[in-house]
>>> print(open('final-v1.pdb').read())   # PDB, C-alpha atoms and all ligand atoms
ATOM      1  CA  MET A   1      35.962 -40.467  -0.302
ATOM      2  CA  THR A   2      33.556 -43.278   0.533
ATOM      3  CA  THR A   3      30.013 -42.470   1.532
ATOM      4  CA  GLU A   4      27.696 -44.718   3.479
ATOM      5  CA  PRO A   5      25.040 -46.432   1.362
ATOM      6  CA  LEU A   6      21.539 -44.980   1.596
ATOM      7  CA  GLN A   7      19.051 -46.958   3.682
ATOM      8  CA  ILE A   8      15.824 -47.099   1.706
ATOM      9  CA  ILE A   9      12.589 -48.846   2.617
ATOM     10  CA  SER A  10      10.788 -50.704  -0.108
ATOM     11  CA  LEU A  11       7.253 -49.853   0.995
ATOM     12  CA  GLY A  12       4.457 -52.080  -0.210
ATOM     13  CA  ALA A  13       2.077 -50.411   2.269
ATOM     14  CA  GLY A  14       0.771 -53.730   3.561
ATOM     15  CA  VAL A  15       1.178 -55.197   7.040
ATOM     16  CA  GLN A  16       4.855 -56.098   7.023
ATOM     17  CA  SER A  17       6.461 -53.154   5.270
ATOM     18  CA  SER A  18       4.242 -50.668   7.160
ATOM     19  CA  THR A  19       5.228 -52.195  10.501
ATOM     20  CA  MET A  20       8.875 -52.122   9.452
ATOM     21  CA  ALA A  21       8.629 -48.423   8.537
ATOM     22  CA  LEU A  22       6.915 -47.546  11.822
ATOM     23  CA  MET A  23       9.474 -49.568  13.791
ATOM     24  CA  ALA A  24      12.234 -47.626  12.076
ATOM     25  CA  ALA A  25      10.433 -44.382  12.917
ATOM     26  CA  ALA A  26      10.303 -45.509  16.566
ATOM     27  CA  GLY A  27      14.058 -46.214  16.523
ATOM     28  CA  GLU A  28      13.526 -49.970  16.907
ATOM     29  CA  ILE A  29      15.382 -50.712  13.669
ATOM     30  CA  LEU A  30      18.584 -48.814  13.016
ATOM     31  CA  PRO A  31      19.872 -46.788  11.304
ATOM     32  CA  MET A  32      17.058 -44.379  10.423
ATOM     33  CA  PRO A  33      16.224 -44.837   6.727
ATOM     34  CA  SER A  34      16.672 -41.894   4.360
ATOM     35  CA  ALA A  35      13.478 -42.598   2.492
ATOM     36  CA  ALA A  36      10.776 -45.085   1.625
ATOM     37  CA  ILE A  37       9.600 -45.821  -1.905
ATOM     38  CA  PHE A  38       6.118 -46.985  -2.806
ATOM     39  CA  ALA A  39       5.782 -48.312  -6.359
ATOM     40  CA  ASP A  40       2.186 -47.682  -7.350
ATOM     41  CA  THR A  41       0.474 -49.851  -9.956
ATOM     42  CA  GLN A  42      -2.449 -47.389  -9.609
ATOM     43  CA  ASP A  43      -4.663 -50.407  -9.079
ATOM     44  CA  GLU A  44      -4.426 -50.936  -5.333
ATOM     45  CA  PRO A  45      -7.727 -50.929  -3.441
ATOM     46  CA  ALA A  46      -8.808 -47.540  -2.085
ATOM     47  CA  GLY A  47      -8.010 -48.767   1.442
ATOM     48  CA  VAL A  48      -4.296 -48.954   0.617
ATOM     49  CA  TYR A  49      -4.107 -45.330  -0.587
ATOM     50  CA  LYS A  50      -6.043 -44.250   2.512
ATOM     51  CA  TRP A  51      -3.587 -46.194   4.619
ATOM     52  CA  LEU A  52      -0.617 -44.527   2.916
ATOM     53  CA  ASP A  53      -2.138 -41.122   3.676
ATOM     54  CA  TRP A  54      -2.335 -42.163   7.337
ATOM     55  CA  LEU A  55       1.168 -43.635   7.392
ATOM     56  CA  GLU A  56       3.154 -40.934   5.627
ATOM     57  CA  PRO A  57       2.895 -38.150   8.228
ATOM     58  CA  ARG A  58       3.942 -40.619  10.947
ATOM     59  CA  LEU A  59       7.297 -41.302   9.310
ATOM     60  CA  PRO A  60      10.252 -38.969   9.832
ATOM     61  CA  PHE A  61      11.579 -39.698   6.334
ATOM     62  CA  PRO A  62       9.962 -38.973   2.961
ATOM     63  CA  VAL A  63       7.796 -41.497   1.166
ATOM     64  CA  HIS A  64       8.294 -41.320  -2.593
ATOM     65  CA  ARG A  65       5.356 -42.587  -4.605
ATOM     66  CA  VAL A  66       6.523 -43.707  -8.020
ATOM     67  CA  THR A  67       4.700 -45.339 -10.888
ATOM     68  CA  ALA A  68       5.261 -46.916 -14.283
ATOM     69  CA  GLY A  69       1.651 -46.144 -15.228
ATOM     70  CA  LYS A  70      -1.662 -47.830 -14.618
ATOM     71  CA  LEU A  71      -1.067 -51.561 -14.842
ATOM     72  CA  SER A  72      -4.655 -52.492 -15.742
ATOM     73  CA  GLU A  73      -4.572 -50.114 -18.719
ATOM     74  CA  LYS A  74      -1.166 -51.288 -19.928
ATOM     75  CA  ALA A  75      -2.268 -54.916 -19.610
ATOM     76  CA  LEU A  76      -5.122 -54.186 -22.020
ATOM     77  CA  GLN A  77      -3.070 -52.306 -24.581
ATOM     78  CA  VAL A  78      -3.071 -54.232 -27.823
ATOM     79  CA  LYS A  79      -0.010 -53.951 -30.042
ATOM     80  CA  ILE A  80       0.316 -54.925 -33.663
ATOM     81  CA  SER A  81       3.454 -56.693 -34.823
ATOM     82  CA  LYS A  82       5.109 -55.923 -38.173
ATOM     83  CA  ASP A  83       3.384 -58.908 -39.725
ATOM     84  CA  GLY A  84       0.000 -57.690 -38.489
ATOM     85  CA  ARG A  85      -0.474 -59.944 -35.446
ATOM     86  CA  ARG A  86      -2.281 -58.524 -32.433
ATOM     87  CA  TYR A  87      -0.715 -59.116 -29.050
ATOM     88  CA  THR A  88      -0.672 -57.786 -25.515
ATOM     89  CA  GLN A  89       2.629 -57.376 -23.794
ATOM     90  CA  THR A  90       2.159 -56.922 -20.076
ATOM     91  CA  SER A  91       1.627 -60.186 -18.312
ATOM     92  CA  ILE A  92      -0.200 -60.720 -15.062
ATOM     93  CA  PRO A  93      -0.064 -64.218 -13.531
ATOM     94  CA  TYR A  94      -3.517 -65.239 -14.738
ATOM     95  CA  PHE A  95      -4.957 -68.701 -14.477
ATOM     96  CA  THR A  96      -5.680 -70.026 -17.924
ATOM     97  CA  LYS A  97      -7.989 -72.440 -19.682
ATOM     98  CA  GLU A  98      -7.018 -73.665 -23.125
ATOM     99  CA  LEU A  99      -9.593 -72.828 -25.749
ATOM    100  CA  THR A 100      -9.519 -76.187 -27.510
ATOM    101  CA  THR A 101      -8.663 -78.729 -24.787
ATOM    102  CA  GLY A 102     -10.047 -76.940 -21.712
ATOM    103  CA  LEU A 103      -6.742 -77.691 -19.970
ATOM    104  CA  GLN A 104      -6.138 -75.377 -17.013
ATOM    105  CA  GLY A 105      -2.817 -73.744 -16.274
ATOM    106  CA  LYS A 106      -1.173 -70.651 -14.924
ATOM    107  CA  ILE A 107       1.055 -67.935 -16.278
ATOM    108  CA  ARG A 108       4.292 -68.279 -14.371
ATOM    109  CA  TYR A 109       5.947 -65.017 -15.279
ATOM    110  CA  ARG A 110       5.071 -61.935 -13.331
ATOM    111  CA  ILE A 111       6.081 -59.248 -15.776
ATOM    112  CA  CYS A 112       3.777 -56.964 -13.804
ATOM    113  CA  THR A 113       6.074 -57.253 -10.792
ATOM    114  CA  ALA A 114       9.218 -56.597 -12.768
ATOM    115  CA  ASP A 115       7.854 -53.672 -14.785
ATOM    116  CA  PHE A 116       5.443 -52.001 -12.371
ATOM    117  CA  LYS A 117       7.028 -52.663  -8.985
ATOM    118  CA  LEU A 118      10.707 -53.432  -9.295
ATOM    119  CA  ALA A 119      11.642 -51.139 -12.189
ATOM    120  CA  PRO A 120      10.162 -47.849 -10.854
ATOM    121  CA  LEU A 121      11.416 -48.653  -7.373
ATOM    122  CA  MET A 122      14.993 -49.255  -8.485
ATOM    123  CA  LYS A 123      14.893 -46.229 -10.766
ATOM    124  CA  LYS A 124      13.976 -43.997  -7.831
ATOM    125  CA  ALA A 125      16.515 -45.641  -5.503
ATOM    126  CA  ARG A 126      19.170 -45.090  -8.150
ATOM    127  CA  GLU A 127      18.216 -41.459  -8.463
ATOM    128  CA  LEU A 128      18.193 -40.868  -4.682
ATOM    129  CA  ALA A 129      21.629 -42.415  -4.265
ATOM    130  CA  ALA A 130      22.979 -40.764  -7.435
ATOM    131  CA  VAL A 131      24.189 -44.138  -8.685
ATOM    132  CA  LYS A 132      26.427 -43.828 -11.709
ATOM    133  CA  ARG A 133      26.291 -46.096 -14.726
ATOM    134  CA  GLY A 134      28.319 -49.260 -14.157
ATOM    135  CA  GLU A 135      28.524 -48.636 -10.390
ATOM    136  CA  LYS A 136      29.836 -51.733  -8.659
ATOM    137  CA  THR A 137      29.938 -50.674  -5.015
ATOM    138  CA  VAL A 138      26.840 -50.901  -2.846
ATOM    139  CA  ARG A 139      25.183 -47.485  -2.748
ATOM    140  CA  VAL A 140      21.748 -48.520  -1.454
ATOM    141  CA  ILE A 141      20.653 -50.847   1.317
ATOM    142  CA  GLN A 142      17.124 -51.749   0.471
ATOM    143  CA  TRP A 143      14.896 -52.807   3.359
ATOM    144  CA  ILE A 144      12.432 -55.472   2.311
ATOM    145  CA  GLY A 145       9.401 -56.177   4.496
ATOM    146  CA  ILE A 146       9.494 -59.944   4.399
ATOM    147  CA  SER A 147       8.626 -61.645   7.682
ATOM    148  CA  LEU A 148       9.856 -64.931   9.104
ATOM    149  CA  ASP A 149       6.884 -66.834   7.708
ATOM    150  CA  GLU A 150       7.925 -65.822   4.194
ATOM    151  CA  VAL A 151      11.664 -66.585   4.258
ATOM    152  CA  GLN A 152      11.399 -68.413   0.976
ATOM    153  CA  ARG A 153      10.830 -65.040  -0.705
ATOM    154  CA  MET A 154      14.231 -63.637   0.300
ATOM    155  CA  LYS A 155      16.323 -62.890  -2.756
ATOM    156  CA  THR A 156      19.564 -61.038  -3.175
ATOM    157  CA  SER A 157      19.599 -57.891  -5.275
ATOM    158  CA  ARG A 158      20.281 -58.247  -8.983
ATOM    159  CA  ASP A 159      22.004 -54.872  -9.039
ATOM    160  CA  LYS A 160      25.590 -54.610  -7.852
ATOM    161  CA  TRP A 161      24.946 -51.129  -6.439
ATOM    162  CA  ALA A 162      22.164 -52.367  -4.143
ATOM    163  CA  ALA A 163      22.001 -54.874  -1.302
ATOM    164  CA  ASN A 164      18.845 -56.192   0.294
ATOM    165  CA  ARG A 165      18.192 -56.276   4.012
ATOM    166  CA  TRP A 166      15.286 -57.980   5.801
ATOM    167  CA  PRO A 167      14.838 -56.280   9.195
ATOM    168  CA  LEU A 168      11.759 -58.318  10.195
ATOM    169  CA  ILE A 169      13.670 -61.551   9.651
ATOM    170  CA  GLU A 170      16.552 -60.150  11.717
ATOM    171  CA  LYS A 171      14.013 -59.587  14.486
ATOM    172  CA  GLU A 172      12.459 -63.014  13.920
ATOM    173  CA  MET A 173       9.055 -61.416  13.420
ATOM    174  CA  ARG A 174       6.165 -63.152  11.741
ATOM    175  CA  ARG A 175       3.155 -61.463  10.182
ATOM    176  CA  ASN A 176       1.197 -61.908  13.400
ATOM    177  CA  ASP A 177       4.006 -60.304  15.403
ATOM    178  CA  CYS A 178       3.698 -57.287  13.091
ATOM    179  CA  LEU A 179      -0.047 -57.106  13.717
ATOM    180  CA  ASN A 180       0.560 -57.401  17.470
ATOM    181  CA  TRP A 181       3.222 -54.683  17.346
ATOM    182  CA  MET A 182       0.766 -52.345  15.634
ATOM    183  CA  LYS A 183      -2.018 -53.223  18.048
ATOM    184  CA  ALA A 184       0.163 -52.696  21.125
ATOM    185  CA  ARG A 185       0.787 -49.132  19.983
ATOM    186  CA  GLY A 186      -2.845 -48.434  19.259
ATOM    187  CA  PHE A 187      -2.240 -48.254  15.512
ATOM    188  CA  PRO A 188      -4.944 -49.412  13.117
ATOM    189  CA  GLU A 189      -4.457 -52.655  11.219
ATOM    190  CA  PRO A 190      -2.833 -52.055   7.834
ATOM    191  CA  PRO A 191      -4.700 -53.331   4.793
ATOM    192  CA  ARG A 192      -3.449 -56.147   2.604
ATOM    193  CA  SER A 193      -1.690 -54.562  -0.348
ATOM    194  CA  ALA A 194      -1.970 -55.968  -3.873
ATOM    195  CA  CYS A 195      -3.695 -54.950  -7.089
ATOM    196  CA  VAL A 196      -7.468 -55.376  -6.783
ATOM    197  CA  TYR A 197      -7.443 -58.042  -9.494
ATOM    198  CA  CYS A 198      -4.304 -59.911  -8.418
ATOM    199  CA  PRO A 199      -4.747 -63.633  -9.233
ATOM    200  CA  TYR A 200      -2.773 -64.469  -6.086
ATOM    201  CA  HIS A 201      -5.670 -63.413  -3.864
ATOM    202  CA  SER A 202      -6.881 -66.174  -1.596
ATOM    203  CA  ASN A 203     -10.618 -66.802  -1.295
ATOM    204  CA  SER A 204     -10.704 -64.919   1.995
ATOM    205  CA  GLU A 205      -9.103 -61.887   0.324
ATOM    206  CA  TRP A 206     -11.618 -62.045  -2.542
ATOM    207  CA  ARG A 207     -14.400 -62.260   0.038
ATOM    208  CA  ARG A 208     -12.977 -59.331   1.982
ATOM    209  CA  LEU A 209     -12.840 -57.265  -1.187
ATOM    210  CA  ARG A 210     -16.342 -58.292  -2.278
ATOM    211  CA  ASP A 211     -17.915 -57.644   1.129
ATOM    212  CA  ASN A 212     -15.920 -54.627   2.388
ATOM    213  CA  GLU A 213     -14.858 -52.863  -0.797
ATOM    214  CA  PRO A 214     -17.528 -53.839  -3.374
ATOM    215  CA  ALA A 215     -16.509 -51.090  -5.797
ATOM    216  CA  GLU A 216     -12.964 -52.520  -5.867
ATOM    217  CA  PHE A 217     -14.284 -56.065  -6.339
ATOM    218  CA  GLU A 218     -16.374 -54.826  -9.241
ATOM    219  CA  LYS A 219     -13.231 -53.309 -10.787
ATOM    220  CA  ALA A 220     -11.628 -56.764 -10.673
ATOM    221  CA  VAL A 221     -14.738 -58.351 -12.242
ATOM    222  CA  GLN A 222     -14.750 -55.800 -15.061
ATOM    223  CA  PHE A 223     -10.995 -56.106 -15.554
ATOM    224  CA  GLU A 224     -11.285 -59.882 -15.988
ATOM    225  CA  LYS A 225     -13.993 -59.423 -18.607
ATOM    226  CA  ALA A 226     -11.904 -56.820 -20.457
ATOM    227  CA  VAL A 227      -8.766 -58.992 -20.405
ATOM    228  CA  GLN A 228     -10.719 -61.961 -21.716
ATOM    229  CA  ARG A 229     -12.072 -59.832 -24.578
ATOM    230  CA  GLU A 230      -8.631 -58.556 -25.530
ATOM    231  CA  LYS A 231      -6.861 -61.881 -25.192
ATOM    232  CA  PHE A 232      -9.509 -63.574 -27.285
ATOM    233  CA  HIS A 233      -8.441 -61.399 -30.211
ATOM    234  CA  SER A 234      -4.697 -61.674 -29.563
ATOM    235  CA  HIS A 235      -2.381 -63.920 -31.504
ATOM    236  CA  ASN A 236      -0.029 -64.600 -28.622
ATOM    237  CA  PHE A 237      -2.705 -66.233 -26.499
ATOM    238  CA  ASN A 238      -4.596 -69.453 -27.074
ATOM    239  CA  SER A 239      -6.161 -69.692 -23.634
ATOM    240  CA  THR A 240      -8.775 -67.709 -21.729
ATOM    241  CA  PRO A 241      -7.360 -65.868 -18.734
ATOM    242  CA  PHE A 242      -9.107 -65.958 -15.341
ATOM    243  CA  LEU A 243      -8.408 -64.287 -12.029
ATOM    244  CA  HIS A 244      -9.503 -67.231  -9.904
ATOM    245  CA  ARG A 245      -7.812 -70.631  -9.964
ATOM    246  CA  SER A 246     -11.125 -72.386 -10.604
ATOM    247  CA  CYS A 247     -11.193 -70.725 -14.044
ATOM    248  CA  VAL A 248     -14.729 -69.579 -13.333
ATOM    249  CA  PRO A 249     -15.577 -65.891 -13.920
ATOM    250  CA  LEU A 250     -14.915 -63.953 -10.727
ATOM    251  CA  ASP A 251     -18.518 -62.844 -10.236
ATOM    252  CA  GLN A 252     -19.653 -66.481 -10.385
ATOM    253  CA  VAL A 253     -17.007 -68.165  -8.235
ATOM    254  CA  ASP A 254     -18.050 -69.860  -5.014
ATOM    255  CA  LEU A 255     -15.828 -68.013  -2.570
ATOM    256  CA  SER A 256     -17.307 -69.591   0.523
ATOM    257  CA  THR A 257     -14.475 -72.080   1.057
ATOM    258  CA  ASP A 258     -10.953 -71.201   2.067
ATOM    259  CA  THR A 259      -8.234 -71.971  -0.428
ATOM    260  CA  GLU A 260      -5.436 -70.182   1.400
ATOM    261  CA  ARG A 261      -2.872 -72.627   0.126
ATOM    262  CA  GLY A 262      -4.477 -73.143  -3.216
ATOM    263  CA  GLN A 263      -4.956 -69.867  -5.008
ATOM    264  CA  GLY A 264      -1.348 -69.200  -5.843
ATOM    265  CA  LEU A 265       2.120 -70.388  -5.145
ATOM    266  CA  LEU A 266       2.613 -67.859  -2.388
ATOM    267  CA  ALA A 267      -0.882 -67.041  -1.254
ATOM    268  CA  GLY A 268      -0.657 -69.509   1.578
ATOM    269  CA  PHE A 269       2.033 -67.446   3.163
ATOM    270  CA  ASN A 270      -0.081 -64.323   3.516
ATOM    271  CA  ALA A 271       2.052 -62.808   0.833
ATOM    272  CA  GLU A 272       1.644 -59.184  -0.105
ATOM    273  CA  CYS A 273       3.060 -56.788  -2.577
ATOM    274  CA  SER A 274       5.812 -55.794  -0.156
ATOM    275  CA  GLY A 275       7.387 -53.031  -2.180
ATOM    276  CA  MET A 276       8.752 -55.332  -4.804
ATOM    277  CA  CYS A 277       5.466 -57.136  -5.185
ATOM    278  CA  GLY A 278       5.781 -60.074  -2.919
ATOM    279  CA  VAL A 279       2.664 -61.893  -4.003
TER     280      VAL A 279
HETATM  281  S1  LIG B   1      -0.136 -57.494  -6.894
HETATM  282 FE1  LIG B   1      -0.399 -59.184  -8.359
HETATM  283  S2  LIG B   1      -1.115 -58.198 -10.258
HETATM  284 FE2  LIG B   1      -0.261 -56.566  -8.953
HETATM  285  S3  LIG B   1       1.856 -56.343  -9.615
HETATM  286 FE3  LIG B   1       1.845 -57.819  -7.898
HETATM  287  S4  LIG B   1       1.651 -59.884  -8.861
HETATM  288 FE4  LIG B   1       1.113 -58.320 -10.405
END
>>> encode(input="final-v1.pdb", output="structure tokens", more="lines below")
Ligand code: SF4
Amino acid sequence: MTTEPLQIISLGAGVQSSTMALMAAAGEILPMPSAAIFADTQDEPAGVYKWLDWLEPRLPFPVHRVTAGKLSEKALQVKISKDGRRYTQTSIPYFTKELTTGLQGKIRYRICTADFKLAPLMKKARELAAVKRGEKTVRVIQWIGISLDEVQRMKTSRDKWAANRWPLIEKEMRRNDCLNWMKARGFPEPPRSACVYCPYHSNSEWRRLRDNEPAEFEKAVQFEKAVQREKFHSHNFNSTPFLHRSCVPLDQVDLSTDTERGQGLLAGFNAECSGMCGV
């Protein structure tokens, strides 16, 4: 007997994935999903959790909140190798400045996305669809909230038992169309979802955080200081990590200019952590 694959929304709780979930709830994207999954790094700004509390009761399907732990704590956990070297394992895409040469760079690998977004999300999807080990048929259709202005982020699923679907692309919707859709229905504007300290923030996002959610901005400032302390004593790091591309401490950066295309590879595309961490 063949069963239909489960339709599951990968909910980042930002603009795009929230609009997609509400459109599904309104019957504008078919079929009705069985569930949505929100992978929580436990470091989103308070506004995102408040938004989720608003969103959840408006959806006719359950929202599963899953987590692989608190990313900021794991990123600071120092391990000791067998030969006594100190190192930290979890990598966030920091900007870096070499200790000896002052050369600036960037960490390319987003282990945070893989471990704290993708892994818990796929684990839950697997559980919901009762996917067996070695399953080769598609058991889950995963809805990803990528809009037309972010097509370059579309990727096929790495798991044989899952296939990705991009309903907003099917509807040729851009981020602004999502905002307009929400507005037309009298819904509030969803927040931008990403960890408070995400190095992919544009200057305008840093400013928004600093001016509207100062406690969250302060968390990012303190996190940067803590990471710099830990990395300084680690053997697998010879550069100082920074959250801003200028490699200036966050509380001293001039955020008055807009660097929408400059802060990170994808920041110029209004990227968000759309369930699988789209930033
Ligand atoms: S929002 Fe940024 S820091 Fe958080 S998981 Fe995604 S890439 Fe990593």
>>> resolve_selection(input="final-v1.pdb", expression="the PyMOL selection byres (((chain A and resi 135-142) around 12) and not hetatm)", output="NGL selection string")
:A and (2-11 or 17 or 31-37 or 118 or 121-134 or 143-146 or 155-167 or 275-276)
>>> atom_distance(input="final-v1.pdb", atom1="CA of Asp177 (chain A)", atom2="atom S4 of ligand LIG 1 (chain B)")
24.4 Å
>>> axis_aligned_box(input="final-v1.pdb", around="ligand LIG 1 (chain B)", padding_each_side="8 Å", output="JSON")
{"center_x": 0.4, "center_y": -58.1, "center_z": -8.6, "size_x": 19.0, "size_y": 19.5, "size_z": 19.5}
>>> closest_residue(input="final-v1.pdb", among="A:Leu30, A:Ala25, A:Met154, A:Ala39", to="ligand LIG 1 (chain B)", atoms="only C-alpha atoms and all ligand atoms")
A:Ala39
>>> atom_distance(input="final-v1.pdb", atom1="CA of Gln16 (chain A)", atom2="CA of Lys106 (chain A)")
27.0 Å
>>> atom_distance(input="final-v1.pdb", atom1="CA of Gly47 (chain A)", atom2="CA of Glu213 (chain A)")
8.3 Å
>>> closest_residue(input="final-v1.pdb", among="A:Gln77, A:Ser72, A:Ser246, A:Ser234", to="Cys198 (chain A)", atoms="only C-alpha atoms")
A:Ser72
>>> build_atoms(input="final-v1.pdb", residues="region 42-51 of chain A", atoms="all heavy atoms", output="PDB file, keeping the file's coordinate frame")
ATOM      1  N   GLN A  42      -1.212 -48.183  -9.462  1.00  0.00           N
ATOM      2  CA  GLN A  42      -2.449 -47.389  -9.609  1.00  0.00           C
ATOM      3  C   GLN A  42      -3.698 -48.257  -9.575  1.00  0.00           C
ATOM      4  O   GLN A  42      -4.768 -47.812  -9.968  1.00  0.00           O
ATOM      5  CB  GLN A  42      -2.415 -46.538 -10.886  1.00  0.00           C
ATOM      6  CG  GLN A  42      -1.232 -45.574 -10.912  1.00  0.00           C
ATOM      7  CD  GLN A  42      -1.258 -44.656 -12.114  1.00  0.00           C
ATOM      8  OE1 GLN A  42      -2.317 -44.253 -12.586  1.00  0.00           O
ATOM      9  NE2 GLN A  42      -0.085 -44.293 -12.606  1.00  0.00           N
ATOM     10  N   ASP A  43      -3.531 -49.487  -9.129  1.00  0.00           N
ATOM     11  CA  ASP A  43      -4.663 -50.407  -9.079  1.00  0.00           C
ATOM     12  C   ASP A  43      -4.822 -51.048  -7.701  1.00  0.00           C
ATOM     13  O   ASP A  43      -5.427 -52.110  -7.576  1.00  0.00           O
ATOM     14  CB  ASP A  43      -4.481 -51.525 -10.129  1.00  0.00           C
ATOM     15  CG  ASP A  43      -4.770 -51.016 -11.536  1.00  0.00           C
ATOM     16  OD1 ASP A  43      -5.631 -50.142 -11.692  1.00  0.00           O
ATOM     17  OD2 ASP A  43      -4.122 -51.506 -12.484  1.00  0.00           O
ATOM     18  N   GLU A  44      -4.237 -50.435  -6.696  1.00  0.00           N
ATOM     19  CA  GLU A  44      -4.426 -50.936  -5.333  1.00  0.00           C
ATOM     20  C   GLU A  44      -5.850 -50.581  -4.896  1.00  0.00           C
ATOM     21  O   GLU A  44      -6.424 -49.602  -5.394  1.00  0.00           O
ATOM     22  CB  GLU A  44      -3.432 -50.241  -4.388  1.00  0.00           C
ATOM     23  CG  GLU A  44      -1.977 -50.562  -4.637  1.00  0.00           C
ATOM     24  CD  GLU A  44      -1.501 -51.822  -3.917  1.00  0.00           C
ATOM     25  OE1 GLU A  44      -2.255 -52.366  -3.095  1.00  0.00           O
ATOM     26  OE2 GLU A  44      -0.381 -52.254  -4.213  1.00  0.00           O
ATOM     27  N   PRO A  45      -6.409 -51.325  -3.938  1.00  0.00           N
ATOM     28  CA  PRO A  45      -7.727 -50.929  -3.441  1.00  0.00           C
ATOM     29  C   PRO A  45      -7.653 -49.578  -2.726  1.00  0.00           C
ATOM     30  O   PRO A  45      -6.591 -49.191  -2.222  1.00  0.00           O
ATOM     31  CB  PRO A  45      -8.090 -52.052  -2.465  1.00  0.00           C
ATOM     32  CG  PRO A  45      -6.860 -52.822  -2.227  1.00  0.00           C
ATOM     33  CD  PRO A  45      -5.897 -52.551  -3.333  1.00  0.00           C
ATOM     34  N   ALA A  46      -8.782 -48.874  -2.682  1.00  0.00           N
ATOM     35  CA  ALA A  46      -8.808 -47.540  -2.085  1.00  0.00           C
ATOM     36  C   ALA A  46      -8.253 -47.554  -0.662  1.00  0.00           C
ATOM     37  O   ALA A  46      -7.598 -46.598  -0.232  1.00  0.00           O
ATOM     38  CB  ALA A  46     -10.241 -47.019  -2.090  1.00  0.00           C
ATOM     39  N   GLY A  47      -8.474 -48.664   0.057  1.00  0.00           N
ATOM     40  CA  GLY A  47      -8.010 -48.767   1.442  1.00  0.00           C
ATOM     41  C   GLY A  47      -6.497 -48.615   1.565  1.00  0.00           C
ATOM     42  O   GLY A  47      -5.991 -48.114   2.575  1.00  0.00           O
ATOM     43  N   VAL A  48      -5.762 -49.037   0.558  1.00  0.00           N
ATOM     44  CA  VAL A  48      -4.296 -48.954   0.617  1.00  0.00           C
ATOM     45  C   VAL A  48      -3.836 -47.489   0.489  1.00  0.00           C
ATOM     46  O   VAL A  48      -2.947 -47.032   1.206  1.00  0.00           O
ATOM     47  CB  VAL A  48      -3.645 -49.850  -0.471  1.00  0.00           C
ATOM     48  CG1 VAL A  48      -2.150 -49.560  -0.620  1.00  0.00           C
ATOM     49  CG2 VAL A  48      -3.863 -51.314  -0.139  1.00  0.00           C
ATOM     50  N   TYR A  49      -4.485 -46.745  -0.415  1.00  0.00           N
ATOM     51  CA  TYR A  49      -4.107 -45.330  -0.587  1.00  0.00           C
ATOM     52  C   TYR A  49      -4.481 -44.529   0.669  1.00  0.00           C
ATOM     53  O   TYR A  49      -3.751 -43.634   1.085  1.00  0.00           O
ATOM     54  CB  TYR A  49      -4.780 -44.752  -1.835  1.00  0.00           C
ATOM     55  CG  TYR A  49      -4.318 -45.466  -3.095  1.00  0.00           C
ATOM     56  CD1 TYR A  49      -5.157 -46.333  -3.775  1.00  0.00           C
ATOM     57  CD2 TYR A  49      -3.009 -45.307  -3.565  1.00  0.00           C
ATOM     58  CE1 TYR A  49      -4.725 -47.008  -4.905  1.00  0.00           C
ATOM     59  CE2 TYR A  49      -2.568 -45.984  -4.686  1.00  0.00           C
ATOM     60  CZ  TYR A  49      -3.431 -46.837  -5.353  1.00  0.00           C
ATOM     61  OH  TYR A  49      -2.990 -47.519  -6.461  1.00  0.00           O
ATOM     62  N   LYS A  50      -5.611 -44.903   1.273  1.00  0.00           N
ATOM     63  CA  LYS A  50      -6.043 -44.250   2.512  1.00  0.00           C
ATOM     64  C   LYS A  50      -5.023 -44.548   3.613  1.00  0.00           C
ATOM     65  O   LYS A  50      -4.647 -43.680   4.396  1.00  0.00           O
ATOM     66  CB  LYS A  50      -7.425 -44.813   2.889  1.00  0.00           C
ATOM     67  CG  LYS A  50      -8.274 -43.845   3.652  1.00  0.00           C
ATOM     68  CD  LYS A  50      -9.691 -44.361   3.739  1.00  0.00           C
ATOM     69  CE  LYS A  50     -10.236 -44.000   5.115  1.00  0.00           C
ATOM     70  NZ  LYS A  50     -11.306 -44.849   5.548  1.00  0.00           N
ATOM     71  N   TRP A  51      -4.577 -45.786   3.631  1.00  0.00           N
ATOM     72  CA  TRP A  51      -3.587 -46.194   4.619  1.00  0.00           C
ATOM     73  C   TRP A  51      -2.272 -45.414   4.423  1.00  0.00           C
ATOM     74  O   TRP A  51      -1.668 -44.939   5.388  1.00  0.00           O
ATOM     75  CB  TRP A  51      -3.332 -47.705   4.511  1.00  0.00           C
ATOM     76  CG  TRP A  51      -2.185 -48.158   5.359  1.00  0.00           C
ATOM     77  CD1 TRP A  51      -0.940 -48.494   4.937  1.00  0.00           C
ATOM     78  CD2 TRP A  51      -2.171 -48.276   6.789  1.00  0.00           C
ATOM     79  NE1 TRP A  51      -0.147 -48.828   6.007  1.00  0.00           N
ATOM     80  CE2 TRP A  51      -0.879 -48.699   7.153  1.00  0.00           C
ATOM     81  CE3 TRP A  51      -3.111 -48.062   7.797  1.00  0.00           C
ATOM     82  CZ2 TRP A  51      -0.503 -48.914   8.477  1.00  0.00           C
ATOM     83  CZ3 TRP A  51      -2.742 -48.282   9.117  1.00  0.00           C
ATOM     84  CH2 TRP A  51      -1.454 -48.702   9.444  1.00  0.00           C
TER      85      TRP A  51
END
